[in-house]
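Here's work36.cif, which has mmCIF, N, CA and C atoms:
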data_upload
loop_
_atom_site.label_atom_id
_atom_site.label_comp_id
_atom_site.auth_asym_id
_atom_site.auth_seq_id
_atom_site.Cartn_x
_atom_site.Cartn_y
_atom_site.Cartn_z
N MET S 693 -51.18 -69.53 59.46
CA MET S 693 -50.33 -68.37 59.49
C MET S 693 -50.52 -67.61 58.19
N ARG S 694 -50.57 -66.31 58.26
CA ARG S 694 -50.70 -65.45 57.09
C ARG S 694 -49.41 -64.66 56.92
N LEU S 695 -48.90 -64.66 55.69
CA LEU S 695 -47.65 -63.96 55.40
C LEU S 695 -47.83 -63.06 54.20
N ALA S 696 -47.36 -61.83 54.31
CA ALA S 696 -47.35 -60.91 53.17
C ALA S 696 -46.01 -61.05 52.48
N VAL S 697 -46.04 -61.30 51.18
CA VAL S 697 -44.79 -61.48 50.44
C VAL S 697 -44.65 -60.40 49.38
N ASP S 698 -43.41 -60.04 49.11
CA ASP S 698 -43.19 -59.05 48.06
C ASP S 698 -42.54 -59.72 46.85
N THR S 699 -42.28 -58.95 45.84
CA THR S 699 -41.75 -59.47 44.59
C THR S 699 -40.42 -60.18 44.79
N ASN S 700 -39.55 -59.65 45.62
CA ASN S 700 -38.24 -60.26 45.85
C ASN S 700 -38.36 -61.67 46.42
N VAL S 701 -39.31 -61.88 47.31
CA VAL S 701 -39.52 -63.21 47.89
C VAL S 701 -39.98 -64.18 46.82
N LEU S 702 -40.91 -63.76 45.98
CA LEU S 702 -41.41 -64.64 44.92
C LEU S 702 -40.32 -64.99 43.90
N VAL S 703 -39.56 -63.99 43.49
CA VAL S 703 -38.48 -64.25 42.52
C VAL S 703 -37.46 -65.21 43.13
N SER S 704 -37.09 -64.98 44.36
CA SER S 704 -36.14 -65.86 45.04
C SER S 704 -36.68 -67.27 45.16
N ALA S 705 -37.96 -67.40 45.45
CA ALA S 705 -38.58 -68.72 45.58
C ALA S 705 -38.52 -69.48 44.27
N PHE S 706 -38.77 -68.80 43.17
CA PHE S 706 -38.78 -69.45 41.86
C PHE S 706 -37.38 -69.77 41.35
N LEU S 707 -36.42 -68.92 41.67
CA LEU S 707 -35.07 -69.10 41.12
C LEU S 707 -34.14 -69.92 41.99
N TRP S 708 -34.21 -69.73 43.32
CA TRP S 708 -33.22 -70.35 44.18
C TRP S 708 -33.79 -71.22 45.29
N GLN S 709 -35.08 -71.34 45.37
CA GLN S 709 -35.77 -72.11 46.40
C GLN S 709 -35.41 -71.58 47.80
N GLY S 710 -34.66 -72.31 48.61
CA GLY S 710 -34.31 -71.85 49.95
C GLY S 710 -35.54 -71.58 50.80
N THR S 711 -35.41 -70.66 51.73
CA THR S 711 -36.52 -70.32 52.63
C THR S 711 -37.74 -69.80 51.86
N PRO S 712 -37.57 -68.90 50.90
CA PRO S 712 -38.76 -68.46 50.14
C PRO S 712 -39.44 -69.61 49.41
N GLY S 713 -38.66 -70.52 48.88
CA GLY S 713 -39.25 -71.69 48.22
C GLY S 713 -40.03 -72.54 49.18
N ARG S 714 -39.51 -72.66 50.39
CA ARG S 714 -40.21 -73.43 51.42
C ARG S 714 -41.54 -72.78 51.76
N LEU S 715 -41.59 -71.46 51.74
CA LEU S 715 -42.86 -70.77 51.99
C LEU S 715 -43.90 -71.14 50.94
N LEU S 716 -43.47 -71.24 49.68
CA LEU S 716 -44.40 -71.66 48.63
C LEU S 716 -44.87 -73.09 48.86
N GLU S 717 -43.95 -73.95 49.28
CA GLU S 717 -44.33 -75.33 49.58
C GLU S 717 -45.35 -75.38 50.71
N LEU S 718 -45.11 -74.62 51.77
CA LEU S 718 -46.04 -74.59 52.91
C LEU S 718 -47.40 -74.05 52.48
N ALA S 719 -47.40 -73.06 51.61
CA ALA S 719 -48.68 -72.53 51.12
C ALA S 719 -49.40 -73.60 50.31
N GLY S 720 -48.67 -74.35 49.51
CA GLY S 720 -49.26 -75.43 48.73
C GLY S 720 -49.83 -76.53 49.60
N GLU S 721 -49.22 -76.73 50.77
CA GLU S 721 -49.69 -77.73 51.73
C GLU S 721 -50.75 -77.16 52.68
N LYS S 722 -51.12 -75.90 52.44
CA LYS S 722 -52.11 -75.18 53.25
C LYS S 722 -51.69 -75.03 54.71
N GLU S 723 -50.37 -74.94 54.93
CA GLU S 723 -49.83 -74.69 56.26
C GLU S 723 -49.76 -73.19 56.55
N CYS S 724 -49.79 -72.38 55.48
CA CYS S 724 -49.80 -70.94 55.64
C CYS S 724 -50.49 -70.33 54.42
N GLN S 725 -50.85 -69.08 54.52
CA GLN S 725 -51.47 -68.34 53.42
C GLN S 725 -50.53 -67.21 53.03
N LEU S 726 -50.26 -67.09 51.74
CA LEU S 726 -49.42 -66.01 51.26
C LEU S 726 -50.29 -64.92 50.64
N PHE S 727 -49.97 -63.68 50.95
CA PHE S 727 -50.72 -62.54 50.45
C PHE S 727 -49.76 -61.58 49.76
N THR S 728 -50.27 -60.90 48.77
CA THR S 728 -49.53 -59.86 48.08
C THR S 728 -50.55 -58.83 47.59
N SER S 729 -50.12 -57.91 46.78
CA SER S 729 -51.04 -56.90 46.26
C SER S 729 -51.01 -56.91 44.73
N ARG S 730 -52.00 -56.30 44.13
CA ARG S 730 -52.07 -56.20 42.68
C ARG S 730 -50.83 -55.48 42.15
N VAL S 731 -50.39 -54.42 42.83
CA VAL S 731 -49.21 -53.66 42.40
C VAL S 731 -48.00 -54.57 42.34
N LEU S 732 -47.81 -55.42 43.34
CA LEU S 732 -46.66 -56.32 43.35
C LEU S 732 -46.79 -57.42 42.29
N ILE S 733 -47.99 -57.89 42.05
CA ILE S 733 -48.21 -58.88 40.98
C ILE S 733 -47.87 -58.26 39.62
N ASP S 734 -48.30 -57.01 39.41
CA ASP S 734 -47.98 -56.31 38.17
C ASP S 734 -46.47 -56.13 38.02
N GLU S 735 -45.79 -55.83 39.11
CA GLU S 735 -44.34 -55.68 39.07
C GLU S 735 -43.67 -57.00 38.69
N LEU S 736 -44.18 -58.09 39.22
CA LEU S 736 -43.62 -59.42 38.92
C LEU S 736 -43.80 -59.75 37.45
N ALA S 737 -44.96 -59.37 36.89
CA ALA S 737 -45.24 -59.66 35.48
C ALA S 737 -44.28 -58.89 34.60
#

Could I get this structure in the form of structure tokens?
Amino acid sequence: MRLAVDTNVLVSAFLWQGTPGRLLELAGEKECQLFTSRVLIDELA
């Protein structure tokens, strides 16, 4: 499964886990692929 994530999803995953955190876990287990853009990565930085 491929999922496009935005900055809010990443921040939520890092701070509060929950469903966004589970998405990171699934990506780490190679159950899904997370995609974003350079603009959103720059915003996160």

### Task
For Leu715 of chain S, please output as a ChimeraX atom specification all residues within 12 Å (counting only C-alpha atoms; exclusion window: fewer than 3 positions along the same chain).
/S:693-697,701-702,704-706,709-712,718-727

### Task
Would you mind writing down, as a PyMOL selection string, each residue of chain S that DSSP on the backbone assigns to strand (DSSP E)?
chain S and resi 694-696+725-727

### Å distance separating atom CA of Trp708 of chain S from atom CA of Asp734 of chain S, one decimal place
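Distance between the two atoms: 21.2 Å.
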
### Task
Figure out the distance between atom CA of Thr699 of chain S and atom CA of Thr728 of chain S, please, to one decimal in Å.
8.5 Å

### Message
I'd like to know which residues of chain S are helix (DSSP H, G or I) (by DSSP, run on the backbone); could you write them as a ChimeraX atom specification?
### Response
/S:699-708,710-720,730-736

Dump N, CA and C atoms for the selected residues as a PDB file, in the frame of the given file?
ATOM      1  N   THR S 699     -42.280 -58.950  45.840  1.00  0.00           N
ATOM      2  CA  THR S 699     -41.750 -59.470  44.590  1.00  0.00           C
ATOM      3  C   THR S 699     -40.420 -60.180  44.790  1.00  0.00           C
ATOM      4  N   ASN S 700     -39.550 -59.650  45.620  1.00  0.00           N
ATOM      5  CA  ASN S 700     -38.240 -60.260  45.850  1.00  0.00           C
ATOM      6  C   ASN S 700     -38.360 -61.670  46.420  1.00  0.00           C
ATOM      7  N   VAL S 701     -39.310 -61.880  47.310  1.00  0.00           N
ATOM      8  CA  VAL S 701     -39.520 -63.210  47.890  1.00  0.00           C
ATOM      9  C   VAL S 701     -39.980 -64.180  46.820  1.00  0.00           C
ATOM     10  N   LEU S 702     -40.910 -63.760  45.980  1.00  0.00           N
ATOM     11  CA  LEU S 702     -41.410 -64.640  44.920  1.00  0.00           C
ATOM     12  C   LEU S 702     -40.320 -64.990  43.900  1.00  0.00           C
ATOM     13  N   VAL S 703     -39.560 -63.990  43.490  1.00  0.00           N
ATOM     14  CA  VAL S 703     -38.480 -64.250  42.520  1.00  0.00           C
ATOM     15  C   VAL S 703     -37.460 -65.210  43.130  1.00  0.00           C
ATOM     16  N   SER S 704     -37.090 -64.980  44.360  1.00  0.00           N
ATOM     17  CA  SER S 704     -36.140 -65.860  45.040  1.00  0.00           C
ATOM     18  C   SER S 704     -36.680 -67.270  45.160  1.00  0.00           C
ATOM     19  N   ALA S 705     -37.960 -67.400  45.450  1.00  0.00           N
ATOM     20  CA  ALA S 705     -38.580 -68.720  45.580  1.00  0.00           C
ATOM     21  C   ALA S 705     -38.520 -69.480  44.270  1.00  0.00           C
ATOM     22  N   PHE S 706     -38.770 -68.800  43.170  1.00  0.00           N
ATOM     23  CA  PHE S 706     -38.780 -69.450  41.860  1.00  0.00           C
ATOM     24  C   PHE S 706     -37.380 -69.770  41.350  1.00  0.00           C
ATOM     25  N   LEU S 707     -36.420 -68.920  41.670  1.00  0.00           N
ATOM     26  CA  LEU S 707     -35.070 -69.100  41.120  1.00  0.00           C
ATOM     27  C   LEU S 707     -34.140 -69.920  41.990  1.00  0.00           C
ATOM     28  N   TRP S 708     -34.210 -69.730  43.320  1.00  0.00           N
ATOM     29  CA  TRP S 708     -33.220 -70.350  44.180  1.00  0.00           C
ATOM     30  C   TRP S 708     -33.790 -71.220  45.290  1.00  0.00           C
ATOM     31  N   GLY S 710     -34.660 -72.310  48.610  1.00  0.00           N
ATOM     32  CA  GLY S 710     -34.310 -71.850  49.950  1.00  0.00           C
ATOM     33  C   GLY S 710     -35.540 -71.580  50.800  1.00  0.00           C
ATOM     34  N   THR S 711     -35.410 -70.660  51.730  1.00  0.00           N
ATOM     35  CA  THR S 711     -36.520 -70.320  52.630  1.00  0.00           C
ATOM     36  C   THR S 711     -37.740 -69.800  51.860  1.00  0.00           C
ATOM     37  N   PRO S 712     -37.570 -68.900  50.900  1.00  0.00           N
ATOM     38  CA  PRO S 712     -38.760 -68.460  50.140  1.00  0.00           C
ATOM     39  C   PRO S 712     -39.440 -69.610  49.410  1.00  0.00           C
ATOM     40  N   GLY S 713     -38.660 -70.520  48.880  1.00  0.00           N
ATOM     41  CA  GLY S 713     -39.250 -71.690  48.220  1.00  0.00           C
ATOM     42  C   GLY S 713     -40.030 -72.540  49.180  1.00  0.00           C
ATOM     43  N   ARG S 714     -39.510 -72.660  50.390  1.00  0.00           N
ATOM     44  CA  ARG S 714     -40.210 -73.430  51.420  1.00  0.00           C
ATOM     45  C   ARG S 714     -41.540 -72.780  51.760  1.00  0.00           C
ATOM     46  N   LEU S 715     -41.590 -71.460  51.740  1.00  0.00           N
ATOM     47  CA  LEU S 715     -42.860 -70.770  51.990  1.00  0.00           C
ATOM     48  C   LEU S 715     -43.900 -71.140  50.940  1.00  0.00           C
ATOM     49  N   LEU S 716     -43.470 -71.240  49.680  1.00  0.00           N
ATOM     50  CA  LEU S 716     -44.400 -71.660  48.630  1.00  0.00           C
ATOM     51  C   LEU S 716     -44.870 -73.090  48.860  1.00  0.00           C
ATOM     52  N   GLU S 717     -43.950 -73.950  49.280  1.00  0.00           N
ATOM     53  CA  GLU S 717     -44.330 -75.330  49.580  1.00  0.00           C
ATOM     54  C   GLU S 717     -45.350 -75.380  50.710  1.00  0.00           C
ATOM     55  N   LEU S 718     -45.110 -74.620  51.770  1.00  0.00           N
ATOM     56  CA  LEU S 718     -46.040 -74.590  52.910  1.00  0.00           C
ATOM     57  C   LEU S 718     -47.400 -74.050  52.480  1.00  0.00           C
ATOM     58  N   ALA S 719     -47.400 -73.060  51.610  1.00  0.00           N
ATOM     59  CA  ALA S 719     -48.680 -72.530  51.120  1.00  0.00           C
ATOM     60  C   ALA S 719     -49.400 -73.600  50.310  1.00  0.00           C
ATOM     61  N   GLY S 720     -48.670 -74.350  49.510  1.00  0.00           N
ATOM     62  CA  GLY S 720     -49.260 -75.430  48.730  1.00  0.00           C
ATOM     63  C   GLY S 720     -49.830 -76.530  49.600  1.00  0.00           C
ATOM     64  N   ARG S 730     -52.000 -56.300  44.130  1.00  0.00           N
ATOM     65  CA  ARG S 730     -52.070 -56.200  42.680  1.00  0.00           C
ATOM     66  C   ARG S 730     -50.830 -55.480  42.150  1.00  0.00           C
ATOM     67  N   VAL S 731     -50.390 -54.420  42.830  1.00  0.00           N
ATOM     68  CA  VAL S 731     -49.210 -53.660  42.400  1.00  0.00           C
ATOM     69  C   VAL S 731     -48.000 -54.570  42.340  1.00  0.00           C
ATOM     70  N   LEU S 732     -47.810 -55.420  43.340  1.00  0.00           N
ATOM     71  CA  LEU S 732     -46.660 -56.320  43.350  1.00  0.00           C
ATOM     72  C   LEU S 732     -46.790 -57.420  42.290  1.00  0.00           C
ATOM     73  N   ILE S 733     -47.990 -57.890  42.050  1.00  0.00           N
ATOM     74  CA  ILE S 733     -48.210 -58.880  40.980  1.00  0.00           C
ATOM     75  C   ILE S 733     -47.870 -58.260  39.620  1.00  0.00           C
ATOM     76  N   ASP S 734     -48.300 -57.010  39.410  1.00  0.00           N
ATOM     77  CA  ASP S 734     -47.980 -56.310  38.170  1.00  0.00           C
ATOM     78  C   ASP S 734     -46.470 -56.130  38.020  1.00  0.00           C
ATOM     79  N   GLU S 735     -45.790 -55.830  39.110  1.00  0.00           N
ATOM     80  CA  GLU S 735     -44.340 -55.680  39.070  1.00  0.00           C
ATOM     81  C   GLU S 735     -43.670 -57.000  38.690  1.00  0.00           C
ATOM     82  N   LEU S 736     -44.180 -58.090  39.220  1.00  0.00           N
ATOM     83  CA  LEU S 736     -43.620 -59.420  38.920  1.00  0.00           C
ATOM     84  C   LEU S 736     -43.800 -59.750  37.450  1.00  0.00           C
TER      85      LEU S 736
END
